[in-house]
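Undergrad: Below are the structure tokens for one structure; questions will follow.
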Number of protein chains: 2
Amino acid sequence: MGRRSDHSREELRALILEEGHRQLSQVGFARFSAREVAKRIGYSIGTIYNVFGSYDALLLALNGRTLDLWLAFLEGRLAGCEEGRLDAAIEAYFDFALGHRHAWTALYDFRLPEGALPSEDYRGKVAAITAVIVREIAAVLPPDVCEEALPLARSLLASVHGHCFFALNGTFAMLGEGDPLAAAKARVADALARFGAR
Amino acid sequence: MGRRSDHSREELRALILEEGHRQLSQVGFARFSAREVAKRIGYSIGTIYNVFGSYDALLLALNGRTLDLWLAFLEGRLAGCEEGRLDAAIEAYFDFALGHRHAWTALYDFRLPEGALPSEDYRGKVAAITAVIVREIAAVLPPDVCEEALPLARSLLASVHGHCFFALNGTFAMLGEGDPLAAAKARVADALARFGAR
DNA sequence: TAAAAAATTAGACATTGTTCAATTGATCTG
DNA sequence: CAGATCAATTGAACAATGTCTAATTTTTTA
């Protein structure tokens, strides 16, 4: 078959991303197959290469979509939340990861070849999620140490990530930890207490 | 070719593990190939399946080897270290991961099929590393809260892991964090301060 | 209407994990 | 020592993957 006009380039891109994300969410990164995605949307594998250029680019786009969903989820939880916003953010971190296990895990399972940087676009999405945490931390920090909000946010993000990661990959279960979320909150509280946060 | 007596079962197992670990360390989990390992030791792929039974079992054994090395590295650093032992342990955590990037990363990239548990042996190795941290935390904790050492150790392990993970996967670089190790140490100190550790 | 451009496909390629019948060497038995 | 038994090793076969490219077909342009 040759050129056909079932879908515009943009529609095709959206189609692949949608089916790809469904697939990734169902089977996980290890079993994900670009060929299978092509089959499901009724196009051939070559078309995916036309649109995305490579397997890596496709996966980066899929992970980008996950980051979009994650950010929206986070902001949704925070909207209309008066107090305990930081705890709510940590809960949202966990809940998203638990609710989108495979997609969230793929964010970290997939790695670009050594030395390759993700696109500016992708980095922006990661920065956007970080910015939410920076904002929330700045809000509870005393004014005189508020320039510490960014480094602290990066560090607390890493701490929460570690807890969430261990919760999902079974390490915590192996070690008998029953409430990873509570532990993560406690560590964040520990740090904030030291900075005299309210 | 049929049966040959170049190596005993145990020697063969050691041979595969050694070459496999070399391979894993060089090319990383994503590009690791059991076939390639077989080729390099001069046996056929079937032999690896005879000895390990499956690809998953082989990888679990390789990761087990990494855990052994890691534990030895940790204890080696701690031996003869009088003060600042916890900081030394965190440094060792980072240094091992940085010095064995691919092998360390494979510990988390590789996952058993859903629901499958690692062997008792493997779980023991993870527990052994945890036990070191429990011991070191218990040593600095006031006696009246020393039953908190285990949960605290699990949680701090997760925090340090998150920092180390972000340092290696590029997240910290993306966010402008220049000293992940210092950040990890600071978070651990925050938590210990709250428990009145010395 | 004819020529140029673009999109889509199908197939070839090298690799992978996995399985298994056949083979070959070692070991036991009489 | 010869023959039977046993166990380890192989290599080929399979299905699947990412990747690339020549051919085909449709759309657009001249």
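Please note that chains go A, B, ... in the order of the structure tokens, that every chain numbers its residues from 1, and that ligands are numbered from 1 in the order shown.
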Taking the DSSP assignment computed from this structure's backbone, write out as a PyMOL selection string all residues of region 11-112 of chain B that belong to alpha helix (DSSP H).
TA: chain B and resi 11-27+34-41+45-52+55-78+85-99+101-109
Undergrad: Within 9 Å of chain A, which residues belong to chain C? Use only C-alpha atoms (C1' of nucleotides) and report them as a PDB file with N, CA, C and O atoms (P, O5', C5', C4', C3', O3' and C1' of nucleotides), in the first residue's frame.
TA:
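This is the output file selection-v8.pdb:
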ATOM      1  P    DA C   6       8.298  16.526  -0.533  1.00  0.00           P
ATOM      2  O5'  DA C   6       7.230  15.524   0.102  1.00  0.00           O
ATOM      3  C5'  DA C   6       5.850  15.731  -0.152  1.00  0.00           C
ATOM      4  C4'  DA C   6       5.078  14.488   0.279  1.00  0.00           C
ATOM      5  C3'  DA C   6       5.614  13.849   1.561  1.00  0.00           C
ATOM      6  O3'  DA C   6       4.502  13.595   2.380  1.00  0.00           O
ATOM      7  C1'  DA C   6       5.414  12.230  -0.143  1.00  0.00           C
ATOM      8  P    DA C   7       4.653  13.207   3.914  1.00  0.00           P
ATOM      9  O5'  DA C   7       3.905  11.798   3.941  1.00  0.00           O
ATOM     10  C5'  DA C   7       2.631  11.713   3.315  1.00  0.00           C
ATOM     11  C4'  DA C   7       2.262  10.255   3.146  1.00  0.00           C
ATOM     12  C3'  DA C   7       2.472   9.387   4.382  1.00  0.00           C
ATOM     13  O3'  DA C   7       1.393   8.496   4.423  1.00  0.00           O
ATOM     14  C1'  DA C   7       3.632   8.457   2.564  1.00  0.00           C
ATOM     15  P    DT C   8       0.796   7.896   5.784  1.00  0.00           P
ATOM     16  O5'  DT C   8       0.963   6.337   5.536  1.00  0.00           O
ATOM     17  C5'  DT C   8       0.349   5.764   4.393  1.00  0.00           C
ATOM     18  C4'  DT C   8       1.078   4.512   3.958  1.00  0.00           C
ATOM     19  C3'  DT C   8       1.482   3.578   5.090  1.00  0.00           C
ATOM     20  O3'  DT C   8       0.492   2.552   5.172  1.00  0.00           O
ATOM     21  C1'  DT C   8       3.072   3.652   3.284  1.00  0.00           C
ATOM     22  P    DT C   9       0.686   1.315   6.209  1.00  0.00           P
ATOM     23  O5'  DT C   9       1.445   0.303   5.274  1.00  0.00           O
ATOM     24  C5'  DT C   9       0.978   0.176   3.918  1.00  0.00           C
ATOM     25  C4'  DT C   9       1.883  -0.757   3.156  1.00  0.00           C
ATOM     26  C3'  DT C   9       2.262  -2.022   3.923  1.00  0.00           C
ATOM     27  O3'  DT C   9       1.875  -3.139   3.148  1.00  0.00           O
ATOM     28  C1'  DT C   9       4.201  -0.988   3.003  1.00  0.00           C
ATOM     29  P    DA C  10       1.552  -4.544   3.881  1.00  0.00           P
ATOM     30  O5'  DA C  10       2.679  -5.461   3.254  1.00  0.00           O
ATOM     31  C5'  DA C  10       2.999  -5.296   1.876  1.00  0.00           C
ATOM     32  C4'  DA C  10       4.396  -5.786   1.622  1.00  0.00           C
ATOM     33  C3'  DA C  10       4.747  -7.063   2.395  1.00  0.00           C
ATOM     34  O3'  DA C  10       5.329  -7.974   1.478  1.00  0.00           O
ATOM     35  C1'  DA C  10       6.374  -5.390   2.809  1.00  0.00           C
TER      36       DA C  10
END
Undergrad: What gap, in Å, lies between CA of Ala128 (chain B) and CA of Tyr108 (chain B)?
TA: 17.3 Å
Undergrad: Report as CSV the residues of region 20-68 of chain A within 12 Å of region 9-29 of chain D, each with its shortest atom pair and distance in Å (one decimal), using only C-alpha atoms (C1' of nucleotides), ordered by chain and increasing residue number.
TA:
residue,atom,partner,partner_atom,distance
A:Ala30,CA,D:DT17,C1',11.6
A:Arg31,CA,D:DT17,C1',10.2
A:Phe32,CA,D:DT17,C1',10.0
A:Ser33,CA,D:DT17,C1',7.5
A:Ala34,CA,D:DG18,C1',8.4
A:Arg35,CA,D:DT17,C1',8.1
A:Glu36,CA,D:DT17,C1',10.1
A:Ile45,CA,D:DG18,C1',9.8
A:Gly46,CA,D:DC20,C1',9.3
A:Ile48,CA,D:DT19,C1',11.6
A:Tyr49,CA,D:DT19,C1',9.0
A:Asn50,CA,D:DC20,C1',11.6
A:Gly53,CA,D:DT19,C1',10.4
A:Ser54,CA,D:DT19,C1',8.5
A:Tyr55,CA,D:DG18,C1',7.4
A:Asp56,CA,D:DG18,C1',10.2
Undergrad: So the first atom is CA of Trp104 (chain B) and the second is CA of His21 (chain B); what is the distance between them in Å, to one decimal place?
TA: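 Straight-line distance from CA of Trp104 (chain B) to CA of His21 (chain B) works out to 11.0 Å.
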Undergrad: One number please: CA of Arg111 (chain B) to CA of Leu107 (chain A), in Å, one decimal.
TA: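 CA of Leu107 (chain A) lies at a distance of 14.7 Å from CA of Arg111 (chain B).
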Undergrad: With 9 Å as the cut-off and only C-alpha atoms counted, what is the closest atom pair between each nearby residue of region 26-113 of chain A and region 163-167 of chain A? Distances in Å to one decimal, ordered by chain and number, as a Markdown table.
TA:
| residue | atom | partner | partner_atom | distance |
| --- | --- | --- | --- | --- |
| A:Tyr93 | CA | A:Cys164 | CA | 7.9 |
| A:Phe94 | CA | A:Cys164 | CA | 6.1 |
| A:Ala97 | CA | A:Cys164 | CA | 7.5 |
| A:Leu98 | CA | A:Cys164 | CA | 8.7 |
| A:Thr105 | CA | A:Phe165 | CA | 8.3 |
Undergrad: Can you tell me which residues surround Glu82 (chain A) at a distance of at most 12 Å, considering only C-alpha atoms (C1' of nucleotides), apart from same-chain residues fewer than 5 positions away, and format the answer as number ranges by chain?
TA: A: 77, 87-88, 136, 139
Undergrad: Selected residues, all heavy atoms, written as a PDB file, in the first residue's frame, please.
TA:
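part-v2.pdb written:
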ATOM      1  N   ARG A  77      -4.720  17.497  42.338  1.00  0.00           N
ATOM      2  CA  ARG A  77      -4.806  17.189  43.759  1.00  0.00           C
ATOM      3  C   ARG A  77      -4.583  18.425  44.627  1.00  0.00           C
ATOM      4  O   ARG A  77      -5.175  18.567  45.699  1.00  0.00           O
ATOM      5  CB  ARG A  77      -3.750  16.150  44.133  1.00  0.00           C
ATOM      6  CG  ARG A  77      -4.087  14.745  43.748  1.00  0.00           C
ATOM      7  CD  ARG A  77      -5.190  14.182  44.630  1.00  0.00           C
ATOM      8  NE  ARG A  77      -5.385  12.770  44.348  1.00  0.00           N
ATOM      9  CZ  ARG A  77      -4.746  11.787  44.982  1.00  0.00           C
ATOM     10  NH1 ARG A  77      -3.888  12.084  45.939  1.00  0.00           N
ATOM     11  NH2 ARG A  77      -4.975  10.539  44.665  1.00  0.00           N
ATOM     12  N   ASP A  87       2.121  17.449  52.029  1.00  0.00           N
ATOM     13  CA  ASP A  87       1.733  16.049  52.228  1.00  0.00           C
ATOM     14  C   ASP A  87       0.832  15.574  51.098  1.00  0.00           C
ATOM     15  O   ASP A  87       0.960  14.429  50.631  1.00  0.00           O
ATOM     16  CB  ASP A  87       1.018  15.880  53.575  1.00  0.00           C
ATOM     17  CG  ASP A  87       1.992  15.619  54.710  1.00  0.00           C
ATOM     18  OD1 ASP A  87       3.217  15.604  54.438  1.00  0.00           O
ATOM     19  OD2 ASP A  87       1.550  15.440  55.852  1.00  0.00           O
ATOM     20  N   ALA A  88      -0.048  16.442  50.669  1.00  0.00           N
ATOM     21  CA  ALA A  88      -0.941  16.083  49.556  1.00  0.00           C
ATOM     22  C   ALA A  88      -0.130  15.814  48.293  1.00  0.00           C
ATOM     23  O   ALA A  88      -0.436  14.902  47.515  1.00  0.00           O
ATOM     24  CB  ALA A  88      -1.957  17.194  49.311  1.00  0.00           C
ATOM     25  N   GLU A 136       5.703  24.646  46.480  1.00  0.00           N
ATOM     26  CA  GLU A 136       5.064  24.245  47.739  1.00  0.00           C
ATOM     27  C   GLU A 136       6.031  24.327  48.915  1.00  0.00           C
ATOM     28  O   GLU A 136       5.635  24.654  50.035  1.00  0.00           O
ATOM     29  CB  GLU A 136       4.504  22.822  47.620  1.00  0.00           C
ATOM     30  CG  GLU A 136       3.418  22.665  46.568  1.00  0.00           C
ATOM     31  CD  GLU A 136       2.243  23.628  46.799  1.00  0.00           C
ATOM     32  OE1 GLU A 136       1.929  23.921  47.975  1.00  0.00           O
ATOM     33  OE2 GLU A 136       1.680  24.094  45.796  1.00  0.00           O
ATOM     34  N   ALA A 139       6.563  27.875  49.962  1.00  0.00           N
ATOM     35  CA  ALA A 139       5.400  28.404  50.675  1.00  0.00           C
ATOM     36  C   ALA A 139       5.441  28.136  52.177  1.00  0.00           C
ATOM     37  O   ALA A 139       4.859  28.886  52.960  1.00  0.00           O
ATOM     38  CB  ALA A 139       4.115  27.821  50.085  1.00  0.00           C
TER      39      ALA A 139
END
Undergrad: Please, which residues of chain A lie no more than 9 Å from chain B when the count uses only C-alpha atoms, and can they be set out as a ChimeraX atom specification?
TA: /A:30,108-111,117,123,126-127,130,151-152,154-166,169-172,174-177,180,183-184,186-194
